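Colleague: I am sharing structure_13.tsv, which consists of TSV, C-alpha atoms:
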chain	number	residue	atom	x	y	z
A	1	MET	CA	7.22	-71.60	-8.85
A	2	TRP	CA	4.86	-72.26	-5.93
A	3	VAL	CA	4.12	-68.68	-4.95
A	4	ALA	CA	2.13	-66.34	-7.17
A	5	ASP	CA	4.05	-63.05	-7.01
A	6	HIS	CA	5.44	-63.33	-10.52
A	7	PHE	CA	2.16	-64.74	-11.82
A	8	LEU	CA	0.17	-61.74	-10.54
A	9	ALA	CA	2.72	-59.31	-11.95
A	10	SER	CA	2.46	-61.00	-15.35
A	11	GLU	CA	-1.36	-60.80	-15.25
A	12	TYR	CA	-1.09	-57.06	-14.64
A	13	GLU	CA	1.35	-56.67	-17.53
A	14	LYS	CA	-0.99	-58.59	-19.83
A	15	SER	CA	-3.76	-56.15	-19.00
A	16	ARG	CA	-1.47	-53.18	-19.68
A	17	GLN	CA	-0.45	-54.66	-23.02
A	18	LYS	CA	-4.13	-54.91	-23.95
A	19	HIS	CA	-4.62	-51.25	-22.98
A	20	ARG	CA	-1.76	-50.23	-25.26
A	21	GLN	CA	-3.37	-52.11	-28.14
A	22	ASP	CA	-6.77	-50.60	-27.42
A	23	THR	CA	-5.42	-47.04	-27.37
A	24	ASN	CA	-4.94	-47.32	-31.13
A	25	THR	CA	-8.72	-46.83	-31.28
A	26	GLN	CA	-9.82	-43.27	-32.06
A	27	ALA	CA	-9.65	-41.24	-28.85
A	28	ALA	CA	-13.31	-40.15	-28.97
A	29	ASP	CA	-14.51	-43.72	-29.56
A	30	ARG	CA	-12.35	-45.06	-26.74
A	31	LYS	CA	-13.67	-42.42	-24.36
A	32	VAL	CA	-17.27	-43.43	-25.11
A	33	HIS	CA	-16.33	-47.09	-24.75
A	34	LEU	CA	-14.61	-46.62	-21.40
A	35	ARG	CA	-17.56	-44.64	-20.00
A	36	GLU	CA	-19.86	-47.51	-20.96
A	37	VAL	CA	-17.47	-50.08	-19.49
A	38	LEU	CA	-17.18	-48.15	-16.23
A	39	ALA	CA	-20.96	-47.83	-15.89
A	40	GLN	CA	-21.45	-51.53	-16.60
A	41	SER	CA	-18.63	-52.63	-14.30
A	42	ILE	CA	-20.07	-50.97	-11.20
A	43	GLY	CA	-23.51	-52.49	-11.83
A	44	THR	CA	-26.95	-50.98	-12.21
A	45	PHE	CA	-29.67	-50.47	-9.63
A	46	GLU	CA	-33.37	-49.76	-10.02
A	47	LYS	CA	-34.06	-46.04	-9.67
A	48	LYS	CA	-36.55	-44.55	-7.25
A	49	GLU	CA	-38.56	-42.10	-9.32
A	50	ASP	CA	-41.25	-40.79	-6.99
A	51	HIS	CA	-39.61	-40.13	-3.62
A	52	THR	CA	-40.64	-36.94	-1.84
A	53	PRO	CA	-37.70	-35.43	0.09
A	54	VAL	CA	-38.32	-35.17	3.83
A	55	LEU	CA	-36.92	-32.29	5.90
A	56	LEU	CA	-35.50	-33.84	9.09
A	57	GLU	CA	-34.03	-30.78	10.80
A	58	GLU	CA	-32.99	-27.16	10.25
A	59	MET	CA	-30.57	-25.07	12.30
A	60	ASP	CA	-29.08	-21.58	12.12
A	61	CYS	CA	-25.34	-22.09	12.57
A	62	GLY	CA	-24.42	-18.40	12.49
A	63	THR	CA	-22.67	-17.96	9.17
A	64	TYR	CA	-24.77	-20.64	7.44
A	65	ILE	CA	-28.05	-22.51	7.67
A	66	ARG	CA	-27.81	-26.27	8.12
A	67	LYS	CA	-30.60	-28.59	7.02
A	68	ARG	CA	-30.91	-32.34	6.97
A	69	VAL	CA	-33.06	-33.98	4.32
A	70	GLU	CA	-33.93	-37.60	3.59
A	71	LEU	CA	-33.65	-38.74	-0.04
A	72	SER	CA	-33.96	-42.03	-1.91
A	73	ALA	CA	-32.12	-43.28	-5.00
A	74	THR	CA	-33.40	-46.85	-5.17
A	75	PRO	CA	-36.57	-48.57	-3.92
A	76	GLY	CA	-36.44	-49.75	-0.32
A	77	LEU	CA	-33.51	-47.57	0.72
A	78	THR	CA	-33.39	-43.96	1.89
A	79	PHE	CA	-30.46	-41.81	2.99
A	80	PRO	CA	-29.91	-38.58	4.91
A	81	THR	CA	-27.93	-35.66	3.58
A	82	TYR	CA	-26.88	-32.36	5.15
A	83	ILE	CA	-27.25	-29.09	3.25
A	84	LEU	CA	-25.26	-26.01	4.21
A	85	VAL	CA	-26.42	-22.65	2.84
A	86	PRO	CA	-24.06	-19.69	3.44
A	87	LYS	CA	-25.48	-16.42	4.73
A	88	GLY	CA	-24.55	-12.90	3.68
A	89	PHE	CA	-23.36	-13.47	0.12
A	90	GLY	CA	-26.12	-11.40	-1.43
A	91	LYS	CA	-26.82	-13.58	-4.44
A	92	THR	CA	-30.07	-15.26	-5.37
A	93	LYS	CA	-28.31	-18.42	-6.53
A	94	LEU	CA	-24.89	-19.65	-5.48
A	95	PRO	CA	-22.48	-22.27	-6.78
A	96	GLY	CA	-22.92	-25.67	-5.16
A	97	VAL	CA	-20.62	-28.52	-4.17
A	98	ILE	CA	-21.38	-32.12	-3.34
A	99	ALA	CA	-18.99	-33.09	-0.52
A	100	VAL	CA	-18.40	-36.85	-0.31
A	101	HIS	CA	-16.77	-38.44	2.72
A	102	GLY	CA	-14.97	-41.76	2.74
A	103	HIS	CA	-14.29	-44.21	5.57
A	104	GLY	CA	-15.26	-42.89	8.98
A	105	TYR	CA	-18.48	-42.10	10.80
A	106	GLY	CA	-20.34	-40.34	8.03
A	107	SER	CA	-21.08	-36.84	6.82
A	108	ARG	CA	-20.92	-35.39	10.33
A	109	GLN	CA	-17.18	-36.02	10.24
A	110	ILE	CA	-16.74	-33.39	7.52
A	111	LEU	CA	-19.17	-30.94	9.17
A	112	GLY	CA	-17.43	-30.40	12.51
A	113	MET	CA	-19.69	-32.76	14.45
A	114	HIS	CA	-19.27	-35.82	16.63
A	115	PRO	CA	-21.01	-39.06	15.58
A	116	ASP	CA	-24.03	-38.14	17.74
A	117	GLY	CA	-24.46	-34.80	15.97
A	118	SER	CA	-23.07	-32.60	18.76
A	119	TRP	CA	-20.44	-29.98	17.93
A	120	ASP	CA	-16.84	-31.12	17.85
A	121	GLU	CA	-14.74	-28.28	19.25
A	122	GLY	CA	-11.47	-30.24	19.09
A	123	GLN	CA	-8.84	-30.33	16.40
A	124	PRO	CA	-10.29	-31.68	13.14
A	125	GLY	CA	-9.02	-35.04	11.95
A	126	ILE	CA	-7.99	-36.10	8.46
A	127	TYR	CA	-11.14	-34.60	6.91
A	128	HIS	CA	-10.37	-31.11	8.26
A	129	ASN	CA	-14.09	-30.25	8.19
A	130	PHE	CA	-13.81	-29.68	4.46
A	131	ALA	CA	-17.56	-29.15	3.97
A	132	LEU	CA	-17.34	-26.16	6.33
A	133	GLU	CA	-14.34	-24.81	4.44
A	134	LEU	CA	-16.41	-24.83	1.27
A	135	VAL	CA	-19.52	-23.18	2.72
A	136	HIS	CA	-17.39	-20.46	4.34
A	137	ARG	CA	-16.16	-19.56	0.85
A	138	GLY	CA	-19.69	-18.90	-0.36
A	139	MET	CA	-20.74	-22.21	-1.86
A	140	VAL	CA	-23.87	-24.16	-0.99
A	141	VAL	CA	-22.75	-27.62	0.15
A	142	ILE	CA	-24.61	-30.91	0.22
A	143	ALA	CA	-23.04	-33.81	2.11
A	144	PRO	CA	-24.81	-37.15	1.68
A	145	ASP	CA	-24.27	-39.95	4.17
A	146	VAL	CA	-22.53	-42.69	2.21
A	147	VAL	CA	-24.10	-46.12	2.69
A	148	GLY	CA	-22.09	-48.45	4.93
A	149	PHE	CA	-20.75	-45.81	7.34
A	150	GLY	CA	-21.95	-44.21	10.56
A	151	GLU	CA	-25.72	-44.31	10.87
A	152	ARG	CA	-25.89	-46.35	7.68
A	153	ARG	CA	-23.98	-49.41	8.92
A	154	LEU	CA	-25.79	-52.74	8.72
A	155	GLN	CA	-27.76	-53.80	11.78
A	156	SER	CA	-26.19	-57.25	11.42
A	157	ASP	CA	-22.71	-55.72	11.76
A	158	LEU	CA	-23.72	-53.63	14.76
A	159	ARG	CA	-25.23	-56.63	16.56
A	160	GLU	CA	-21.91	-58.41	16.23
A	161	ASP	CA	-19.82	-55.34	17.09
A	162	PRO	CA	-21.45	-52.05	18.16
A	163	ASN	CA	-18.20	-50.28	17.25
A	164	ALA	CA	-17.88	-51.80	13.77
A	165	PRO	CA	-16.05	-49.17	11.70
A	166	SER	CA	-18.10	-49.84	8.56
A	167	SER	CA	-20.28	-52.33	6.73
A	168	CYS	CA	-18.24	-52.20	3.56
A	169	TYR	CA	-17.16	-55.82	3.57
A	170	MET	CA	-20.59	-57.41	4.01
A	171	MET	CA	-22.28	-55.03	1.59
A	172	ALA	CA	-19.57	-55.26	-1.07
A	173	ALA	CA	-19.37	-59.06	-0.84
A	174	GLN	CA	-23.13	-59.60	-1.13
A	175	LEU	CA	-23.48	-57.16	-4.03
A	176	LEU	CA	-20.59	-58.79	-5.88
A	177	MET	CA	-22.44	-62.10	-5.66
A	178	VAL	CA	-25.35	-60.62	-7.62
A	179	GLY	CA	-23.16	-58.93	-10.20
A	180	LYS	CA	-23.22	-55.46	-8.67
A	181	THR	CA	-20.85	-53.36	-6.58
A	182	LEU	CA	-21.07	-51.20	-3.50
A	183	THR	CA	-19.45	-48.46	-5.56
A	184	GLY	CA	-22.36	-48.63	-7.99
A	185	LEU	CA	-24.90	-48.13	-5.22
A	186	ARG	CA	-22.91	-45.25	-3.77
A	187	VAL	CA	-22.55	-43.56	-7.15
A	188	GLN	CA	-26.29	-43.88	-7.80
A	189	GLU	CA	-26.98	-42.14	-4.49
A	190	ALA	CA	-24.47	-39.42	-5.37
A	191	ILE	CA	-26.20	-38.77	-8.69
A	192	CYS	CA	-29.58	-38.76	-6.92
A	193	THR	CA	-28.09	-36.15	-4.59
A	194	LEU	CA	-27.11	-34.09	-7.63
A	195	GLU	CA	-30.64	-34.34	-9.04
A	196	TYR	CA	-32.13	-32.99	-5.82
A	197	PHE	CA	-29.39	-30.41	-5.23
A	198	SER	CA	-29.67	-28.89	-8.71
A	199	GLY	CA	-33.33	-28.11	-8.04
A	200	LEU	CA	-32.80	-26.13	-4.83
A	201	GLU	CA	-33.70	-22.47	-5.07
A	202	GLU	CA	-30.38	-21.42	-3.52
A	203	VAL	CA	-28.25	-23.36	-6.03
A	204	ASP	CA	-27.19	-22.38	-9.54
A	205	PRO	CA	-27.67	-25.68	-11.42
A	206	GLU	CA	-25.13	-24.64	-14.06
A	207	HIS	CA	-22.37	-24.28	-11.47
A	208	ILE	CA	-22.20	-27.44	-9.39
A	209	GLY	CA	-19.00	-29.30	-8.51
A	210	ILE	CA	-18.05	-32.34	-6.46
A	211	MET	CA	-15.26	-32.94	-3.96
A	212	GLY	CA	-14.37	-36.27	-2.38
A	213	PHE	CA	-11.73	-37.65	-0.07
A	214	SER	CA	-10.31	-41.19	-0.22
A	215	GLY	CA	-13.24	-43.55	-0.83
A	216	GLY	CA	-15.34	-40.44	-1.36
A	217	SER	CA	-13.08	-39.58	-4.28
A	218	LEU	CA	-13.80	-42.96	-5.84
A	219	ILE	CA	-17.50	-42.05	-5.76
A	220	ALA	CA	-16.83	-38.47	-6.90
A	221	PHE	CA	-14.68	-39.41	-9.88
A	222	ILE	CA	-17.14	-41.97	-11.24
A	223	ALA	CA	-20.11	-39.66	-10.70
A	224	SER	CA	-18.24	-36.93	-12.55
A	225	VAL	CA	-17.35	-39.25	-15.44
A	226	LEU	CA	-20.96	-40.38	-15.79
A	227	ASP	CA	-22.71	-37.02	-15.28
A	228	GLU	CA	-21.43	-33.93	-17.06
A	229	ARG	CA	-23.62	-31.62	-14.98
A	230	LEU	CA	-20.73	-31.74	-12.50
A	231	ARG	CA	-18.69	-28.79	-13.78
A	232	ALA	CA	-15.60	-29.08	-11.56
A	233	THR	CA	-14.12	-31.96	-9.57
A	234	VAL	CA	-11.65	-32.21	-6.68
A	235	LEU	CA	-10.21	-35.63	-5.86
A	236	ALA	CA	-8.20	-35.81	-2.64
A	237	GLY	CA	-6.35	-38.72	-1.08
A	238	PHE	CA	-7.14	-41.04	-3.98
A	239	PRO	CA	-5.61	-40.14	-7.39
A	240	ASN	CA	-3.06	-42.86	-8.15
A	241	THR	CA	-2.58	-45.98	-10.22
A	242	PHE	CA	-4.21	-49.28	-9.38
A	243	LYS	CA	-0.76	-50.85	-9.43
A	244	GLU	CA	0.71	-48.54	-6.78
A	245	SER	CA	-2.37	-48.34	-4.55
A	246	ILE	CA	-5.08	-50.99	-4.31
A	247	LEU	CA	-2.92	-53.72	-5.87
A	248	ALA	CA	0.06	-52.95	-3.64
A	249	VAL	CA	-1.49	-51.94	-0.32
A	250	HIS	CA	-4.24	-53.59	1.73
A	251	HIS	CA	-7.46	-51.71	0.99
A	252	CYS	CA	-11.14	-52.07	1.79
A	253	LEU	CA	-13.06	-54.42	-0.51
A	254	CYS	CA	-15.25	-51.48	-1.61
A	255	ASN	CA	-12.34	-50.16	-3.70
A	256	TYR	CA	-12.36	-53.06	-6.16
A	257	THR	CA	-14.35	-53.15	-9.40
A	258	PRO	CA	-14.44	-56.55	-11.13
A	259	GLY	CA	-12.79	-56.64	-14.53
A	260	ILE	CA	-12.02	-52.93	-14.80
A	261	LEU	CA	-8.28	-53.52	-15.20
A	262	ASN	CA	-9.01	-55.48	-18.39
A	263	HIS	CA	-9.96	-52.14	-19.94
A	264	SER	CA	-7.96	-49.34	-18.33
A	265	GLU	CA	-5.68	-48.18	-15.54
A	266	LEU	CA	-7.03	-45.63	-13.07
A	267	PRO	CA	-5.39	-42.48	-14.55
A	268	GLU	CA	-7.07	-43.03	-17.92
A	269	LEU	CA	-10.43	-43.53	-16.20
A	270	ILE	CA	-10.01	-40.31	-14.23
A	271	SER	CA	-9.08	-38.57	-17.49
A	272	LEU	CA	-12.60	-39.25	-18.77
A	273	ILE	CA	-13.61	-36.17	-16.76
A	274	ALA	CA	-11.75	-34.02	-19.31
A	275	PRO	CA	-12.16	-31.36	-20.58
A	276	ARG	CA	-13.99	-30.22	-17.42
A	277	PRO	CA	-11.80	-28.70	-14.68
A	278	LEU	CA	-10.14	-31.23	-12.36
A	279	PHE	CA	-8.00	-30.80	-9.23
A	280	LEU	CA	-5.93	-33.64	-7.78
A	281	GLU	CA	-4.35	-33.50	-4.33
A	282	SER	CA	-2.41	-36.01	-2.25
A	283	GLY	CA	-0.08	-36.11	0.74
A	284	LEU	CA	3.63	-36.72	0.31
A	285	ASP	CA	3.51	-39.33	3.07
A	286	ASP	CA	0.16	-40.95	2.26
A	287	PRO	CA	0.78	-44.64	3.05
A	288	ILE	CA	-2.19	-46.09	1.15
A	289	PHE	CA	-2.14	-43.89	-1.95
A	290	PRO	CA	1.64	-43.42	-2.27
A	291	LYS	CA	3.22	-40.37	-3.86
A	292	GLU	CA	4.95	-42.48	-6.53
A	293	GLY	CA	1.59	-43.57	-7.91
A	294	PHE	CA	0.21	-40.05	-7.62
A	295	ILE	CA	3.08	-38.65	-9.70
A	296	VAL	CA	2.59	-41.29	-12.41
A	297	ALA	CA	-1.16	-40.61	-12.45
A	298	VAL	CA	-0.70	-36.85	-12.69
A	299	GLU	CA	1.66	-37.22	-15.65
A	300	ALA	CA	-0.83	-39.41	-17.51
A	301	ILE	CA	-3.82	-37.20	-16.74
A	302	GLN	CA	-1.88	-34.06	-17.65
A	303	ALA	CA	-1.00	-35.64	-21.00
A	304	ALA	CA	-4.69	-36.36	-21.61
A	305	TYR	CA	-5.69	-32.75	-20.89
A	306	THR	CA	-2.82	-31.41	-23.00
A	307	SER	CA	-3.79	-33.65	-25.93
A	308	ILE	CA	-7.19	-31.92	-26.15
A	309	GLY	CA	-5.76	-28.43	-25.77
A	310	LYS	CA	-6.91	-27.89	-22.15
A	311	PRO	CA	-3.73	-28.25	-20.04
A	312	ASP	CA	-4.84	-25.42	-17.74
A	313	HIS	CA	-8.02	-27.30	-16.81
A	314	LEU	CA	-5.96	-29.63	-14.59
A	315	ALA	CA	-4.41	-28.48	-11.29
A	316	THR	CA	-2.57	-30.56	-8.70
A	317	ASP	CA	-1.06	-30.33	-5.24
A	318	LEU	CA	1.33	-32.84	-3.65
A	319	PHE	CA	1.34	-31.35	-0.17
A	320	PRO	CA	3.36	-32.14	2.99
A	321	GLY	CA	1.15	-34.56	4.91
A	322	GLY	CA	-0.36	-38.02	5.05
A	323	HIS	CA	-3.69	-39.53	4.12
A	324	GLU	CA	-5.78	-36.42	4.69
A	325	ILE	CA	-7.57	-33.50	3.11
A	326	ASN	CA	-5.41	-30.40	2.75
A	327	GLY	CA	-7.31	-27.86	0.70
A	328	ARG	CA	-4.65	-25.15	0.77
A	329	LEU	CA	-5.24	-24.68	-2.97
A	330	SER	CA	-8.26	-26.80	-3.84
A	331	TYR	CA	-10.96	-24.97	-1.83
A	332	ASP	CA	-10.35	-21.65	-3.57
A	333	TRP	CA	-9.79	-23.42	-6.89
A	334	MET	CA	-13.26	-24.95	-6.63
A	335	TYR	CA	-14.88	-21.57	-5.95
A	336	ASP	CA	-12.97	-19.94	-8.80
A	337	LYS	CA	-13.96	-22.63	-11.31
A	338	LEU	CA	-17.63	-22.54	-10.30
A	339	THR	CA	-17.84	-18.78	-10.57
A	340	GLU	CA	-16.04	-18.33	-13.90
For the structure just supplied, provide its representation as structure tokens.

Modeller:
Amino acid sequence: MWVADHFLASEYEKSRQKHRQDTNTQAADRKVHLREVLAQSIGTFEKKEDHTPVLLEEMDCGTYIRKRVELSATPGLTFPTYILVPKGFGKTKLPGVIAVHGHGYGSRQILGMHPDGSWDEGQPGIYHNFALELVHRGMVVIAPDVVGFGERRLQSDLREDPNAPSSCYMMAAQLLMVGKTLTGLRVQEAICTLEYFSGLEEVDPEHIGIMGFSGGSLIAFIASVLDERLRATVLAGFPNTFKESILAVHHCLCNYTPGILNHSELPELISLIAPRPLFLESGLDDPIFPKEGFIVAVEAIQAAYTSIGKPDHLATDLFPGGHEINGRLSYDWMYDKLTE
């Protein structure tokens, strides 16, 4: 046979057969093993230990205060992050949420702003200003700018095309050539964000969650697996199987982690968050993370939570819609879990 369709399908099945053999390992041992594999697969980066955060701006937005601060997770690279502090909730410390955007023009897209930082009074797009939805419910929100998008696109990409949608391809390709991944860099910055966020006087460090959409959910799920200080997690527009999503539909190169399928399918990796509370949401008509894969993933993750006696720690919503944030259940769920 000249074409490789059957060959690729057989390679996938070989990996699944290996998973089935590996699951005979004690559950606790396998969980530890998969955490280590995941951390190794995304690559490691030198940590920046002595960076002093820089306040870039502060604004009273009526119902909340908005600040922008510059942080650094690795030497030679800094990143901006917005912080939203709600007003009028009468508590010394509030629950906090890290809000992680995916493909688009950066954190401003989830904060009701245009790319230049001016207010966007129009109808929100697929992100539905979810960071604002969270702060309006009484949670402090921090929204880091993910490297490769918006103001953090490569200068080389912008010289070639000032309207380049992202720098994912060039960054991911170059990092792969040195045995690292763009996901690994993004996760390190997310965990650096958590380190800073947990020390803010307005934030209760024992009640911090994370919410991501699409590529932001990839970052959020791995950060949550690797750092148990994240007490509740919402993954939107991402929960699926590798087979039904990034192996079946054209996706950005930043979604791919070398060798990970030799160890596990995506639902089992997401299940490493257990027993901590987890919410999964997806649109019925999402074309890049199809509902069929979402349903399979939910069944597997629910089985994992049930097996450890915590079935109620998983909640899901397959809502009418496409590739977008919905939040009709997940926003309030996040607040409830962080205030229990």

Colleague: Between A:Gly43, A:Pro115, A:Gly321, A:Pro239, which has the minimum distance to A:Gly215 (counting all atoms listed in the file)?

Modeller: A:Pro239

Colleague: Under the rule that only C-alpha atoms are counted, which of A:Lys310, A:Lys243, A:Lys31, A:Arg328 is the nearest residue to A:Tyr12?

Modeller: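 That would be A:Lys243, the residue with the smallest distance to A:Tyr12.
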
Colleague: State, in Å with one decimal place, the distance from atom CA of A:Ser214 to atom CA of A:Ile126.

Modeller: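 Taking atom CA of A:Ser214 as the start and atom CA of A:Ile126 as the end point, the length is 10.3 Å.
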
Colleague: Using only C-alpha atoms, which residues sit within 12 Å of stretch 4-7 of chain A once same-chain residues fewer than 4 positions away are excluded, as a list in words?

Modeller: Glu11, Tyr12, Glu13, Lys14, Leu247 and Ala248 of chain A

Colleague: Show me, as an NGL selection string, the residues that have an atom within 12 Å of A:Glu206 when counting only C-alpha atoms, minus same-chain residues fewer than 3 positions from it.

Modeller: :A and (93-97 or 194 or 197-199 or 203 or 209 or 228-232 or 337-340)

Colleague: Which of these, A:Leu34, A:Leu84, A:Leu111, A:Ala27, has the shortest distance to A:Leu200 once you count all atoms listed in the file?

Modeller: A:Leu84

Colleague: Nearest to A:Glu189 among A:Asp312, A:Glu244, A:Glu299, A:Glu70, with distances taken over only C-alpha atoms: which residue is it?

Modeller: A:Glu70

Colleague: Between atom CA of A:Pro287 and atom CA of A:Asn163, what distance in Å does the model show, to one decimal?

Modeller: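 A separation of 24.4 Å between them.
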
Colleague: Would you mind listing what lies within 8 Å of A:Gly102 as number ranges by chain, with all atoms listed in the file counted and same-chain residues fewer than 4 positions away left out?

Modeller: A: 106, 146, 212-217

Colleague: Given all atoms listed in the file as the basis, pick out the residue of A:Asp285, A:Glu133, A:Asp157, A:Asp116 nearest to A:Met211.

Modeller: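 Result for the nearest residue to A:Met211: A:Glu133.
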
Colleague: Leaving out A:Thr74 and any residue of its chain fewer than 3 positions from it, which residues lie within 12 Å of it when counting all atoms listed in the file, given as a PyMOL selection string?

Modeller: chain A and resi 44-51+71+77-79+184-193

Colleague: Using all atoms listed in the file, pick whichever of A:Met170, A:Leu8, A:Leu235, A:Ala73 has the shortest atom-to-atom distance to A:Ile273.

Modeller: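 Of the candidates, the smallest distance to A:Ile273 is held by A:Leu235.
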
Colleague: As an exercise, work out the distance from atom CA of A:Ala304 to atom CA of A:Asp22 in Å and give it to one decimal place.

Modeller: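 Distance reported for this atom pair: 15.5 Å.
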